[in-house]
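One structure is given below, encoded as structure tokens.
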Amino acid sequence: MKRYLLGLLAFMTIMPSAMADDEANGLQAAFTAQGSQVVYYQMGWDSPDEAALWTYSRQASGNFSWHLEENTPYTGQPAFSSIDPESHYSLCVRYSNYDTQNELTTSPAVAVLPNSSLEFYACFRSVFLVYADWKFRITDTDSGELLLDWSAFRWAQEQAFTGPSWQKLSFDLSDYAGKNVNFSFLYTGPGGEDLAIDGLRLYQQADDEVASVTIDEGDEVVFVDTSLGNPTSWLWTFEGGQPATSSEQYPTVVYPTAGTYSVTLTIGRDDETSTLTREGYVNVVAQAPQALIGLPTNGYLSPWTALFIPTETTVQYNDLSSGQPTSWHWTFQGGDPAESNEQHPLVTYHDEGVYGMTLQVSNTAGTSDDFMKDAIQVGGEQYIWNIGIDEYDLMGEIALGWYGFYAGTNWLGMERFAEHFEAPHAEGATISEVQVYFDGTQTVSPNAEIAVQLCRENASGEPGDVLGETSILASEIAYNETTIVPTTFRFDEPIAVGEPFFVVIGPFPNNTDEKTGKTDAISILAVRRDAGQKSTTWHLLEDEDPRTFERLGTFQWFENTDDPISLCVTPLLAYPSATPSSITLQTSEEPLQPAAFSRQHTVYDLQGRCINTSSLRPEGASHRGIFIVRNSDGTITKVAKR
């Protein structure tokens, strides 16, 4: 790679000489593409002289500070030349368990042009960034103001990235147009992860003759005809593209393979034609894959494990990885087979237990791993619900303004609410209790009964025959100011279920204390989705006279398809077993505080990903989720955090 500035580009003449002849007949072929760009600053750290254009502040020594390496710090990960064949070195820093690292490198001042973006590549792993993070910063050199402070740890948690692999990171600089800025990388703290950086470039969206298009493998380019002379026909030729040719005026083309490709456009009108070829116009960059496990769909979701199935069940895993992997390697704890190189393997689980799995994907640009710990429970008993592991931060109460709450106290005539569940996946299943997660628990009717019924699905798909019922008093609803805790409704004896069923809850008290002005305000936590997405909740609505709006005392069930919702309602379902087993849950009701976590406590989500403890907000914050805390003595605490 070469470092160059706008205005010093050497390849300014790209139009063929035939263009002059075309102008005489009134036609002039021209085109651009969405996302065309001109690079006006870049740094590749491909020689000591080039690297010396930045400044370096080193606290550690040797490889524990900034230095150049031909390869990545990670065995098995290719050098950056797998992405840019002209690359010779990458800027690297290795982690140290002994030195306190505070390594800083900063660019010279660069003037940001309008419509600019910046990107760079980083090869790293995220697991131990909780101890030593690295950051990318943009600073206004005139005022000293810190414009951007980007954390690799936060990004990795948001993207579910584990690594190691090369990742392209992009930043929109439109808000900084006209400013003089410098770019810096900061690595602080001991015991983090090795890091390699390369391919930093600053580019402007432009249609200049020297502009080009840079995309990742598998991405598409939308071409735009800008020809003069009102052509009536178009013939495009796309080297390396799919399709290879097109007669459309504005074609969309996919480029599946890394390389640099030319584009040719011939336009016509009557007997006149004009042709333009732009050499090397499309630059397709190899992209390391990012592994992502897709769970099977034939099982129950659970707040305590990602999937719950009976024994002797065959499931199909799905590869959801990005970046066009070309090879796959799965391992399945407790599965048959225990390993697979298929993209979407079938696996059978014979024995009871709680199991994890791993997925490694590779292509020419690198390798990436994903894993899920204790993700699938086979047999035994477990709490089930209809909420995915990626939806925990959506949990909340659904307020109806002056009318109370959906799934709780309301003044709209909705007396009961029902959560639908598919039929168990094996015969002999039973339900012994239901746990309900309430959010609002204020009541002026402490002795009012709130009932839970287990009902069959009738022929119309509505809650039908009651299989069992239990109740508690409104005053017995469990509540904790800092954690989400369940309220348990226990049946007198386990209830057999062999078909689709409903958990029906209600009615809820709806009274006002005339002395205090307080009212009943009870609500169940729920996940609210966008229109057209999954909905599993029904409500029993009282009929009204359409003319007088008088309540008639009769009720009908309605499926809530207009506002898709799932309630935080978890029946405890057990599959029969010759050797009874169950999952014992250790639930902490203590508030999660960031200061409580150190090397003696590691925090994970239910997928086994390390959690950024700084995101666990203090008491009173709105963040919700279920986390796993691994203590230094090996014990596990599963915590529902408010």
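Starting from 1 in every chain, residues are counted up; chains themselves are A, B, ... following the order of the structure tokens, and ligands are numbered from 1 as listed.
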Spatial neighbours of region 71-88 of chain A, max dist 6 Å, only C-alpha atoms, sep filter under 3 positions, as a list in words: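 Answer for this query is Met1, Asp46, Val285, Ala286, Ala365 and Gly366 of chain A.
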Got a sec: who's within 12 Å of Thr141 (chain A), counting only C-alpha atoms, leaving out chain neighbours fewer than 5 positions off, as a PyMOL selection string? chain A and resi 106-112+146-147+176+178-184
My list of candidates is A:Asp465, A:Asp149, A:Asp219, A:Glu542. Which is closest to Phe501 (chain A) when distances are computed with only C-alpha atoms? A:Asp465
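Using only C-alpha atoms, the shortest contact distance between Val378 (chain A) and any of A:Ile450, A:Val444, A:Ala574, A:Leu27 is found at A:Ala574.
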Just list as a PyMOL selection string whatever in region 116-187 of chain A DSSP marks as strand (DSSP E or B). chain A and resi 116-124+134-140+146-151+165-172+180-187
Best match for closeness to Gly532 (chain A) among A:Ile565, A:Ile505, A:Ala375, A:Ala291, counting only C-alpha atoms: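 Among the listed residues, A:Ile565 lies closest to Gly532 (chain A).
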Work out how far CA of Ile387 (chain A) is from CA of Pro463 (chain A), in Å to one decimal.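 Separating CA of Pro463 (chain A) from CA of Ile387 (chain A) is a distance of 20.1 Å.
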Residues within 10 Å of Ala418 (chain A), please, as a ChimeraX atom specification. Count only C-alpha atoms; anything in the same chain fewer than 2 positions from it doesn't count. /A:407,416,420-421,452-455,462-463,501-506,536-540,557-559,566-567,569
Quick one: pick out all helix (DSSP H, G or I) residues within region 13-257 of chain A from a backbone DSSP run and write them as a ChimeraX atom specification. /A:18-24,48-51,62-64,80-82,152-159,174-176
Writing out the chosen residues with N, CA, C and O atoms as an mmCIF file, in the first residue's frame:
data_model
loop_
_atom_site.group_PDB
_atom_site.id
_atom_site.type_symbol
_atom_site.label_atom_id
_atom_site.label_comp_id
_atom_site.auth_asym_id
_atom_site.auth_seq_id
_atom_site.Cartn_x
_atom_site.Cartn_y
_atom_site.Cartn_z
ATOM 1 N N ALA A 18 -10.923 7.208 -27.778
ATOM 2 C CA ALA A 18 -12.120 7.164 -28.616
ATOM 3 C C ALA A 18 -13.189 8.107 -28.130
ATOM 4 O O ALA A 18 -14.107 8.458 -28.872
ATOM 5 N N MET A 19 -13.058 8.589 -26.857
ATOM 6 C CA MET A 19 -14.077 9.467 -26.314
ATOM 7 C C MET A 19 -14.196 10.741 -27.136
ATOM 8 O O MET A 19 -15.284 11.276 -27.334
ATOM 9 N N ALA A 20 -13.091 11.262 -27.608
ATOM 10 C CA ALA A 20 -13.144 12.500 -28.386
ATOM 11 C C ALA A 20 -13.981 12.316 -29.647
ATOM 12 O O ALA A 20 -14.739 13.205 -30.050
ATOM 13 N N ASP A 21 -13.866 11.144 -30.297
ATOM 14 C CA ASP A 21 -14.667 10.889 -31.489
ATOM 15 C C ASP A 21 -16.131 10.771 -31.135
ATOM 16 O O ASP A 21 -17.010 11.206 -31.888
ATOM 17 N N ASP A 22 -16.437 10.190 -29.950
ATOM 18 C CA ASP A 22 -17.823 10.023 -29.554
ATOM 19 C C ASP A 22 -18.497 11.360 -29.330
ATOM 20 O O ASP A 22 -19.685 11.518 -29.600
ATOM 21 N N GLU A 23 -17.753 12.336 -28.807
ATOM 22 C CA GLU A 23 -18.363 13.627 -28.522
ATOM 23 C C GLU A 23 -18.907 14.271 -29.788
ATOM 24 O O GLU A 23 -19.892 15.000 -29.747
ATOM 25 N N ALA A 24 -18.256 13.973 -30.923
ATOM 26 C CA ALA A 24 -18.691 14.603 -32.170
ATOM 27 C C ALA A 24 -20.062 14.130 -32.601
ATOM 28 O O ALA A 24 -20.809 14.869 -33.248
ATOM 29 N N PRO A 48 9.177 0.982 8.159
ATOM 30 C CA PRO A 48 9.509 1.850 9.296
ATOM 31 C C PRO A 48 9.374 3.329 8.956
ATOM 32 O O PRO A 48 8.960 4.129 9.803
ATOM 33 N N ASP A 49 9.722 3.705 7.717
ATOM 34 C CA ASP A 49 9.612 5.109 7.321
ATOM 35 C C ASP A 49 8.153 5.556 7.301
ATOM 36 O O ASP A 49 7.827 6.663 7.748
ATOM 37 N N GLU A 50 7.288 4.714 6.745
ATOM 38 C CA GLU A 50 5.867 5.070 6.713
ATOM 39 C C GLU A 50 5.304 5.136 8.126
ATOM 40 O O GLU A 50 4.572 6.066 8.480
ATOM 41 N N ALA A 51 5.643 4.164 8.965
ATOM 42 C CA ALA A 51 5.136 4.147 10.337
ATOM 43 C C ALA A 51 5.591 5.377 11.111
ATOM 44 O O ALA A 51 4.881 5.868 11.997
ATOM 45 N N GLY A 62 9.396 -3.575 24.274
ATOM 46 C CA GLY A 62 9.368 -4.707 23.369
ATOM 47 C C GLY A 62 8.036 -4.862 22.659
ATOM 48 O O GLY A 62 7.397 -3.892 22.254
ATOM 49 N N ASN A 63 7.610 -6.104 22.533
ATOM 50 C CA ASN A 63 6.359 -6.393 21.840
ATOM 51 C C ASN A 63 5.129 -5.966 22.626
ATOM 52 O O ASN A 63 4.019 -6.039 22.111
ATOM 53 N N PHE A 64 5.325 -5.540 23.867
ATOM 54 C CA PHE A 64 4.196 -5.081 24.668
ATOM 55 C C PHE A 64 3.821 -3.635 24.342
ATOM 56 O O PHE A 64 2.909 -3.076 24.945
ATOM 57 N N PHE A 80 -2.324 -9.435 7.013
ATOM 58 C CA PHE A 80 -3.237 -8.514 6.332
ATOM 59 C C PHE A 80 -3.091 -8.585 4.816
ATOM 60 O O PHE A 80 -3.974 -8.143 4.085
ATOM 61 N N SER A 81 -2.020 -9.172 4.340
ATOM 62 C CA SER A 81 -1.857 -9.348 2.895
ATOM 63 C C SER A 81 -2.933 -10.254 2.311
ATOM 64 O O SER A 81 -3.146 -10.260 1.100
ATOM 65 N N SER A 82 -3.624 -11.012 3.165
ATOM 66 C CA SER A 82 -4.758 -11.807 2.670
ATOM 67 C C SER A 82 -5.915 -10.910 2.263
ATOM 68 O O SER A 82 -6.784 -11.321 1.492
ATOM 69 N N ALA A 152 -13.179 -0.852 21.829
ATOM 70 C CA ALA A 152 -13.245 -2.181 21.220
ATOM 71 C C ALA A 152 -14.056 -3.133 22.083
ATOM 72 O O ALA A 152 -14.782 -3.990 21.558
ATOM 73 N N PHE A 153 -13.951 -3.005 23.401
ATOM 74 C CA PHE A 153 -14.702 -3.897 24.293
ATOM 75 C C PHE A 153 -16.206 -3.705 24.108
ATOM 76 O O PHE A 153 -16.955 -4.668 23.976
ATOM 77 N N ARG A 154 -16.659 -2.445 24.118
ATOM 78 C CA ARG A 154 -18.088 -2.186 23.954
ATOM 79 C C ARG A 154 -18.579 -2.685 22.600
ATOM 80 O O ARG A 154 -19.642 -3.295 22.496
ATOM 81 N N TRP A 155 -17.789 -2.424 21.561
ATOM 82 C CA TRP A 155 -18.186 -2.871 20.222
ATOM 83 C C TRP A 155 -18.306 -4.390 20.172
ATOM 84 O O TRP A 155 -19.266 -4.929 19.596
ATOM 85 N N ALA A 156 -17.348 -5.086 20.753
ATOM 86 C CA ALA A 156 -17.366 -6.549 20.719
ATOM 87 C C ALA A 156 -18.597 -7.098 21.421
ATOM 88 O O ALA A 156 -19.198 -8.083 20.966
ATOM 89 N N GLN A 157 -19.011 -6.486 22.526
ATOM 90 C CA GLN A 157 -20.199 -6.955 23.227
ATOM 91 C C GLN A 157 -21.452 -6.687 22.412
ATOM 92 O O GLN A 157 -22.350 -7.528 22.329
ATOM 93 N N GLU A 158 -21.517 -5.522 21.796
ATOM 94 C CA GLU A 158 -22.700 -5.184 20.994
ATOM 95 C C GLU A 158 -22.821 -6.071 19.765
ATOM 96 O O GLU A 158 -23.928 -6.419 19.345
ATOM 97 N N GLN A 159 -21.675 -6.444 19.180
ATOM 98 C CA GLN A 159 -21.680 -7.239 17.953
ATOM 99 C C GLN A 159 -21.573 -8.733 18.211
ATOM 100 O O GLN A 159 -21.552 -9.509 17.258
ATOM 101 N N SER A 174 -18.883 12.769 8.609
ATOM 102 C CA SER A 174 -19.594 13.912 8.050
ATOM 103 C C SER A 174 -19.703 15.060 9.043
ATOM 104 O O SER A 174 -19.610 16.238 8.666
ATOM 105 N N ASP A 175 -19.897 14.748 10.320
ATOM 106 C CA ASP A 175 -20.056 15.798 11.331
ATOM 107 C C ASP A 175 -18.766 16.560 11.598
ATOM 108 O O ASP A 175 -18.787 17.617 12.234
ATOM 109 N N TYR A 176 -17.630 16.038 11.134
ATOM 110 C CA TYR A 176 -16.346 16.673 11.415
ATOM 111 C C TYR A 176 -15.789 17.402 10.198
ATOM 112 O O TYR A 176 -14.621 17.829 10.215
#
